[in-house]
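S.K.: I am attaching a structure below and will ask some questions about it afterwards.
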Amino acid sequence: MPTIPAPNDQWYVVHVLSGQELKVRDSIERRIEAEEMSDLIYEVLVPQERVSEVKAGQKREANRKFFPGYIIINMHLLHDDNTLVDRTWYFIQETDGVINFAGTKDHPMPMPNHEVEGMLAQIKEREGSIKPAVAYEVGDTVVVSDGPFQGQTGIIAEVNEDKGELMVSVNIFGRETLVPLEYWQVEIG
């Protein structure tokens with residue numbers, strides 16, 4: 001039998017209705033306060049990142065979930081003898097939008113410590129940065145949607161993910177010319 005982590009080191013993946021992750025998180029957080037569960041449920045996460053995309057020629061930023069249909073909860077759910085903490089179990093199961101604990105039927109297992117550390121590091125790393133919603137690759141054909149070359153079709157010659165920039169080969173006056181563009185200035189052609 002695996003060793004059960006300390007109560008505040010137990011992290012679980014909870015399957016929820018897709019598209020309802022934030023609503024379920026907010027509901028759990030409200031109920032934690034109302035039902036005085038803060039001694040058993042410590043943190044509820046919906047890991048997300050900011051992405052930028054172009055729709056109808058307009059640059060927009062949005063949140064994209066790492067794990068659609070799942071939330072991550074740090075809570076005391078298992079005693080040292082591997083039995084459930086009934087109060088926590090029923091609290092989560094009775095939350096509107098919760099389907100079940102991921103990967104289990106009746107007896108959830110906490111996420112391995114290395115997975116928790118990796119996930120938390122990934123969340124922290126992506127905090128504050130904005131990634132493009134579309135991943136561009138060298139050789140992709142794109143249409144310039146903003147700037148002096150708007151409407152031109154080009155081929156990506158270079159991708160700089162850190163800066164969110166592309167070098168695009170565009171035909172200008174009958175010659176192929178490399179033009180630096182930001183991700184949001186192009187759309188897949």
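Starting from 1 in every chain, residues are counted up; chains themselves are A, B, ... following the order of the structure tokens, and ligands are numbered from 1 as listed.
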I want to know what sits within 10 Å of stretch 6-9 of chain A, based on only C-alpha atoms, with residues of the same chain fewer than 3 positions away left out; could you give that as a ChimeraX atom specification?

M.R.: /A:3,12,39-43,74-80,110-113,116

S.K.: Between A:Val85, A:Val179, A:Ser52, A:Val138, which is the closest to A:Gly164 once you count only C-alpha atoms?

M.R.: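 Comparing A:Val85, A:Val179, A:Ser52, A:Val138 against A:Gly164, the winner is A:Ser52.
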
S.K.: To one decimal place in Å, what is the distance between atom CA of A:Pro180 and atom CA of A:Asn160?

M.R.: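 Going from atom CA of A:Pro180 over to atom CA of A:Asn160 covers 10.3 Å.
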
S.K.: Out of A:Lys124, A:Lys163, A:Ile72, A:Val186, which residue has the shortest atom-to-atom distance to A:Gln10 when counting only C-alpha atoms?

M.R.: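 Of all the options, A:Ile72 lies closest to A:Gln10.
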
S.K.: Tell me, in Å to one decimal, how far atom CA of A:Thr141 is from atom CA of A:Gly174.

M.R.: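 A separation of 17.9 Å between them.
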
S.K.: Could you pull out the strand (DSSP E or B) residues of chain A, going by DSSP on the backbone, and write them as an MDAnalysis selection string?

M.R.: chainID A and resid 11:16 41:45 48:55 58:65 70:75 78 84 98:101 130:132 141:144 153:160 165:172 175:182 186:188

S.K.: Which polymer residues have any atom within 12 Å of an atom of A:Leu22, counting only C-alpha atoms, with same-chain residues fewer than 2 positions away left out, as a count of residues only?

M.R.: 27

S.K.: Applying 8 Å and only C-alpha atoms, which residues near A:Leu178 remain after dropping the ones on its own chain fewer than 3 positions away? List them as a ChimeraX atom specification.

M.R.: /A:157,167-170

S.K.: Taking into account only C-alpha atoms, which residue in the set A:Thr88, A:Gly189, A:Glu161, A:Ile172 is nearest to A:Ala135?

M.R.: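 Using only C-alpha atoms, A:Ala135 sits closest to A:Glu161.
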